[in-house]
file run.txt (compact mmCIF, C-alpha atoms)
# COMPACT_ATOMS: atom_id res chain seq x y z
CA MET A 1 69.37 104.03 33.76
CA SER A 2 68.12 102.10 36.74
CA HIS A 3 67.38 98.42 37.03
CA ASP A 4 63.65 99.11 36.79
CA ASP A 5 64.14 101.14 33.61
CA ASP A 6 66.15 98.29 32.05
CA PHE A 7 63.43 95.82 32.95
CA ALA A 8 60.68 98.08 31.52
CA LEU A 9 62.65 98.51 28.29
CA PHE A 10 63.15 94.76 28.03
CA GLN A 11 59.41 94.17 28.59
CA GLU A 12 58.55 96.73 25.91
CA MET A 13 60.93 95.09 23.40
CA MET A 14 59.59 91.61 24.15
CA GLY A 15 55.92 92.62 24.21
CA ASP A 16 54.82 90.70 21.11
CA VAL A 17 57.03 87.64 21.68
CA LYS A 18 55.12 84.46 22.48
CA PRO A 19 56.57 81.76 24.74
CA ILE A 20 57.73 78.55 23.09
CA LYS A 21 55.45 75.63 23.84
CA HIS A 22 58.18 72.97 23.61
CA ASP A 23 61.49 73.56 25.26
CA THR A 24 63.24 70.75 23.38
CA ALA A 25 64.16 70.60 19.74
CA GLU A 26 62.48 68.05 17.52
CA HIS A 27 64.82 65.88 15.53
CA LYS A 28 63.96 64.78 12.07
CA LYS A 29 63.13 61.11 11.80
CA GLN A 30 66.36 59.16 11.73
CA HIS A 31 67.07 56.92 8.75
CA CYS A 32 65.94 53.39 9.56
CA VAL A 33 67.98 50.53 8.19
CA SER A 34 65.75 47.96 6.51
CA GLU A 35 66.00 44.22 7.04
CA ALA A 36 67.27 43.85 3.47
CA GLN A 37 70.05 46.37 4.10
CA LEU A 38 71.05 44.58 7.30
CA ALA A 39 71.11 41.26 5.45
CA LYS A 40 73.22 42.77 2.69
CA ARG A 41 75.65 44.24 5.23
CA GLU A 42 75.94 40.88 6.99
CA ALA A 43 76.47 39.07 3.69
CA ALA A 44 79.25 41.46 2.77
CA MET A 45 81.02 40.54 5.99
CA TRP A 46 80.47 36.77 5.92
CA LEU A 47 79.97 35.64 2.37
CA THR A 48 79.32 31.98 1.64
CA GLU A 49 80.50 29.80 -1.24
CA ASP A 50 76.91 29.68 -2.54
CA ASP A 51 76.87 33.45 -3.05
CA PRO A 52 77.88 34.48 -6.60
CA GLU A 53 79.77 37.44 -5.11
CA TYR A 54 81.80 35.21 -2.75
CA LEU A 55 85.34 36.59 -2.53
CA SER A 56 84.98 39.17 -5.28
CA ILE A 57 87.66 39.57 -7.91
CA ASP A 58 86.15 42.90 -9.01
CA HIS A 59 87.40 45.13 -6.20
CA ALA A 60 89.70 45.16 -3.19
CA PRO A 61 91.24 48.07 -1.27
CA MET A 62 94.73 48.43 -2.72
CA ILE A 63 97.76 48.19 -0.45
CA LYS A 64 101.45 48.74 -1.17
CA PRO A 65 104.03 45.98 -1.78
CA GLU A 66 105.83 46.75 1.51
CA ASP A 67 102.65 47.12 3.62
CA ILE A 68 102.09 44.69 6.48
CA ILE A 69 98.83 42.76 6.44
CA GLU A 70 97.28 42.25 9.87
CA PHE A 71 93.80 41.19 10.85
CA LYS A 72 92.36 39.67 14.02
CA LYS A 73 88.76 38.73 14.73
CA ASP A 74 87.13 39.57 18.04
CA GLY A 75 87.81 36.93 20.65
CA VAL A 76 91.33 36.06 19.51
CA GLN A 77 93.70 36.50 22.45
CA GLU A 78 96.54 39.00 22.09
CA GLY A 79 99.08 36.32 23.04
CA VAL A 80 97.85 34.04 20.25
CA PHE A 81 98.01 36.89 17.72
CA ARG A 82 101.51 37.89 18.89
CA LYS A 83 102.74 34.30 18.58
CA LEU A 84 101.34 34.11 15.03
CA ARG A 85 102.85 37.49 14.12
CA LEU A 86 106.28 36.38 15.32
CA GLY A 87 106.10 33.12 13.35
CA LYS A 88 106.24 30.98 16.50
CA TYR A 89 103.56 28.48 15.46
CA PRO A 90 104.75 25.51 13.37
CA ILE A 91 103.67 25.94 9.75
CA GLN A 92 101.49 22.96 8.87
CA ALA A 93 100.74 23.78 5.21
CA ARG A 94 101.77 26.24 2.51
CA LEU A 95 100.09 27.63 -0.60
CA ASP A 96 102.03 29.54 -3.29
CA LEU A 97 99.96 31.82 -5.54
CA HIS A 98 102.75 33.01 -7.88
CA LYS A 99 101.80 33.00 -11.58
CA ARG A 100 98.05 32.63 -10.86
CA THR A 101 95.20 34.76 -12.13
CA LEU A 102 92.93 36.33 -9.51
CA LYS A 103 90.20 33.76 -10.25
CA GLN A 104 92.65 30.84 -9.98
CA ALA A 105 94.09 32.29 -6.77
CA ARG A 106 90.64 32.79 -5.23
CA ASP A 107 89.59 29.23 -6.04
CA GLU A 108 92.89 27.79 -4.76
CA VAL A 109 92.68 29.77 -1.49
CA VAL A 110 89.14 28.49 -0.83
CA GLN A 111 90.02 24.87 -1.69
CA PHE A 112 93.29 25.02 0.29
CA LEU A 113 91.61 26.37 3.43
CA LYS A 114 88.72 23.87 3.15
CA GLN A 115 91.22 21.02 2.92
CA CYS A 116 93.17 22.38 5.89
CA MET A 117 89.97 22.53 7.96
CA ARG A 118 89.11 18.92 7.03
CA MET A 119 92.61 17.83 8.10
CA ASP A 120 92.55 19.83 11.37
CA ILE A 121 95.41 22.05 10.16
CA ARG A 122 95.39 25.42 11.93
CA THR A 123 98.52 27.35 10.95
CA VAL A 124 99.33 27.94 7.29
CA VAL A 125 101.34 30.28 5.10
CA ILE A 126 99.93 31.72 1.90
CA VAL A 127 102.59 33.16 -0.42
CA HIS A 128 101.06 35.91 -2.56
CA GLY A 129 104.22 37.82 -3.53
CA ARG A 130 104.92 41.48 -2.95
CA GLY A 131 103.66 42.44 -6.39
CA GLU A 132 106.22 45.16 -7.04
CA LYS A 133 106.09 44.52 -10.80
CA SER A 134 102.35 43.91 -11.11
CA ASN A 135 100.07 46.58 -12.50
CA PRO A 136 98.72 47.95 -10.20
CA PRO A 137 101.39 47.12 -7.62
CA ALA A 138 100.50 44.49 -4.97
CA LEU A 139 97.38 43.39 -6.84
CA MET A 140 97.38 39.76 -5.63
CA LYS A 141 98.46 40.82 -2.13
CA SER A 142 95.54 43.27 -1.87
CA TYR A 143 92.98 40.69 -2.94
CA VAL A 144 94.35 37.94 -0.67
CA ALA A 145 94.21 40.36 2.29
CA GLN A 146 90.57 41.18 1.46
CA TRP A 147 89.52 37.54 0.92
CA LEU A 148 91.04 36.29 4.17
CA GLN A 149 88.99 38.83 6.16
CA GLN A 150 85.80 37.48 4.55
CA ILE A 151 86.41 33.78 5.20
CA ASN A 152 84.61 32.71 8.36
CA GLU A 153 87.14 30.03 9.33
CA VAL A 154 90.04 32.51 9.41
CA GLN A 155 90.76 33.69 12.98
CA CYS A 156 93.70 36.02 12.33
CA VAL A 157 96.24 36.91 9.66
CA HIS A 158 99.62 38.63 9.74
CA SER A 159 102.40 39.24 7.22
CA ALA A 160 105.09 36.62 7.61
CA GLN A 161 108.54 36.97 9.13
CA ARG A 162 111.40 37.40 6.64
CA PHE A 163 112.37 33.70 6.87
CA HIS A 164 108.84 32.71 5.71
CA GLY A 165 108.54 35.27 2.91
CA GLY A 166 108.20 38.63 4.68
CA THR A 167 105.59 40.97 3.24
CA GLY A 168 105.19 38.62 0.27
CA ALA A 169 103.40 36.03 2.44
CA VAL A 170 100.90 35.83 5.28
CA TYR A 171 100.45 33.58 8.27
CA VAL A 172 96.87 32.40 8.65
CA LEU A 173 95.42 30.92 11.83
CA LEU A 174 92.27 28.87 11.24
CA LYS A 175 89.48 28.04 13.69
CA LYS A 176 89.77 24.89 15.76
CA SER A 177 87.59 22.02 14.70
CA ALA A 178 84.96 20.79 17.16
CA ASP A 179 87.13 17.72 17.88
CA LYS A 180 90.16 19.86 18.70
CA LYS A 181 88.06 22.12 20.95
CA ASN A 182 86.84 19.08 22.90
CA GLU A 183 90.40 17.74 23.14
CA THR A 184 91.62 21.05 24.59
CA ARG A 185 88.67 21.23 26.99
CA GLU A 186 89.35 17.67 28.24
CA ARG A 187 93.07 18.41 28.66
CA HIS A 188 92.29 21.48 30.75
CA GLN A 189 89.71 19.57 32.82
CA LYS A 190 92.27 16.88 33.66
CA ARG A 191 94.83 19.51 34.60
CA LEU A 192 92.36 21.35 36.84
CA GLY A 193 90.61 18.29 38.20
call {"tool": "encode", "arguments": {"input": "run.txt", "output": "structure tokens"}}
result
Amino acid sequence: MSHDDDFALFQEMMGDVKPIKHDTAEHKKQHCVSEAQLAKREAAMWLTEDDPEYLSIDHAPMIKPEDIIEFKKDGVQEGVFRKLRLGKYPIQARLDLHKRTLKQARDEVVQFLKQCMRMDIRTVVIVHGRGEKSNPPALMKSYVAQWLQQINEVQCVHSAQRFHGGTGAVYVLLKKSADKKNETRERHQKRLG
């Protein structure tokens, strides 16, 4: 069969085929996220004390007693997080949640952190226990880890070093107050100036 014969056969086979008008595929309309859904998503990330669902005691992703808790918000320098992780910041306050219900613990965490912010305290330890004997295991630990990620003032969190309670406690670094930020800015200006 020659090239011309192949071409004639191809033409014969394709005789009733019509050319496609569009050479690109049409995609179905993508799902649009409504304003209400965006607001709900934002509220889930940064809940406020006025919200009835603030720091839920209904559900938290469960972790194991020996798991390490670590969380860092965008903008926190790696050196700052490393120093917190290694327990190098002086501990300015401590909260122990042993023998508390989830509701008591939630309320105490919120009040404790509010008080720390008022007093310009930045580095704290929250002792939640490993929860090896709780049912389910690490119940309080799981909830504390979840709550701390939702609190706006919390910059980063890491399980403590053994001498501060190990995986039964967490270091928490809180945001600087406006006064402390200005103090730091002035100190740097003097050093540079």
call {"tool": "residues_around", "arguments": {"input": "run.txt", "residues": "stretch 158-173 of chain A", "least_positions_apart": "3", "cutoff": "6 Å", "atoms": "all atoms listed in the file", "output": "ChimeraX atom specification"}}
result
/A:68-70,85,122-130,155
call {"tool": "atom_distance", "arguments": {"input": "run.txt", "atom1": "atom CA of A:Gln77", "atom2": "atom CA of A:Met119"}}
result
23.6 Å
call {"tool": "atom_distance", "arguments": {"input": "run.txt", "atom1": "atom CA of A:Lys175", "atom2": "atom CA of A:Asp58"}}
result
27.3 Å
call {"tool": "closest_residue", "arguments": {"input": "run.txt", "among": "A:Lys103, A:His98, A:Lys141, A:Lys88", "to": "A:Pro65", "atoms": "all atoms listed in the file"}}
result
A:Lys141
call {"tool": "closest_residue", "arguments": {"input": "run.txt", "among": "A:Asp96, A:Asp4, A:Asp179, A:Glu132", "to": "A:Ile63", "atoms": "only C-alpha atoms"}}
result
A:Glu132
call {"tool": "residues_around", "arguments": {"input": "run.txt", "residues": "A:Val109", "least_positions_apart": "2", "cutoff": "9 Å", "atoms": "only C-alpha atoms", "output": "JSON list (two decimals) with C-alpha atoms, keeping the file's coordinate frame"}}
result
[["chain", "number", "residue", "atom", "x", "y", "z"],
["A", 95, "LEU", "CA", 100.09, 27.63, -0.60],
["A", 97, "LEU", "CA", 99.96, 31.82, -5.54],
["A", 104, "GLN", "CA", 92.65, 30.84, -9.98],
["A", 105, "ALA", "CA", 94.09, 32.29, -6.77],
["A", 106, "ARG", "CA", 90.64, 32.79, -5.23],
["A", 107, "ASP", "CA", 89.59, 29.23, -6.04],
["A", 111, "GLN", "CA", 90.02, 24.87, -1.69],
["A", 112, "PHE", "CA", 93.29, 25.02, 0.29],
["A", 113, "LEU", "CA", 91.61, 26.37, 3.43],
["A", 114, "LYS", "CA", 88.72, 23.87, 3.15],
["A", 126, "ILE", "CA", 99.93, 31.72, 1.90],
["A", 144, "VAL", "CA", 94.35, 37.94, -0.67],
["A", 147, "TRP", "CA", 89.52, 37.54, 0.92],
["A", 148, "LEU", "CA", 91.04, 36.29, 4.17]]
call {"tool": "residues_around", "arguments": {"input": "run.txt", "residues": "A:Ile121", "least_positions_apart": "4", "cutoff": "8 Å", "atoms": "all atoms listed in the file", "output": "list in words"}}
result
Gln92, Ala93, Cys116, Met117 and Leu174 of chain A
call {"tool": "atom_distance", "arguments": {"input": "run.txt", "atom1": "atom CA of A:Leu139", "atom2": "atom CA of A:Glu78"}}
result
29.3 Å
call {"tool": "residues_near_point", "arguments": {"input": "run.txt", "point": "(87.2, 42.2, -3.6)", "cutoff": "12 Å", "atoms": "only C-alpha atoms", "output": "number ranges by chain"}}
result
A: 44-45, 47, 53-62, 102-103, 106, 139-150
call {"tool": "closest_residue", "arguments": {"input": "run.txt", "among": "A:Leu86, A:Val80, A:Met13, A:Leu192", "to": "A:Cys156", "atoms": "all atoms listed in the file"}}
result
A:Val80
call {"tool": "closest_residue", "arguments": {"input": "run.txt", "among": "A:Thr184, A:Asn152, A:Ser134, A:Ser2", "to": "A:Lys73", "atoms": "all atoms listed in the file"}}
result
A:Asn152
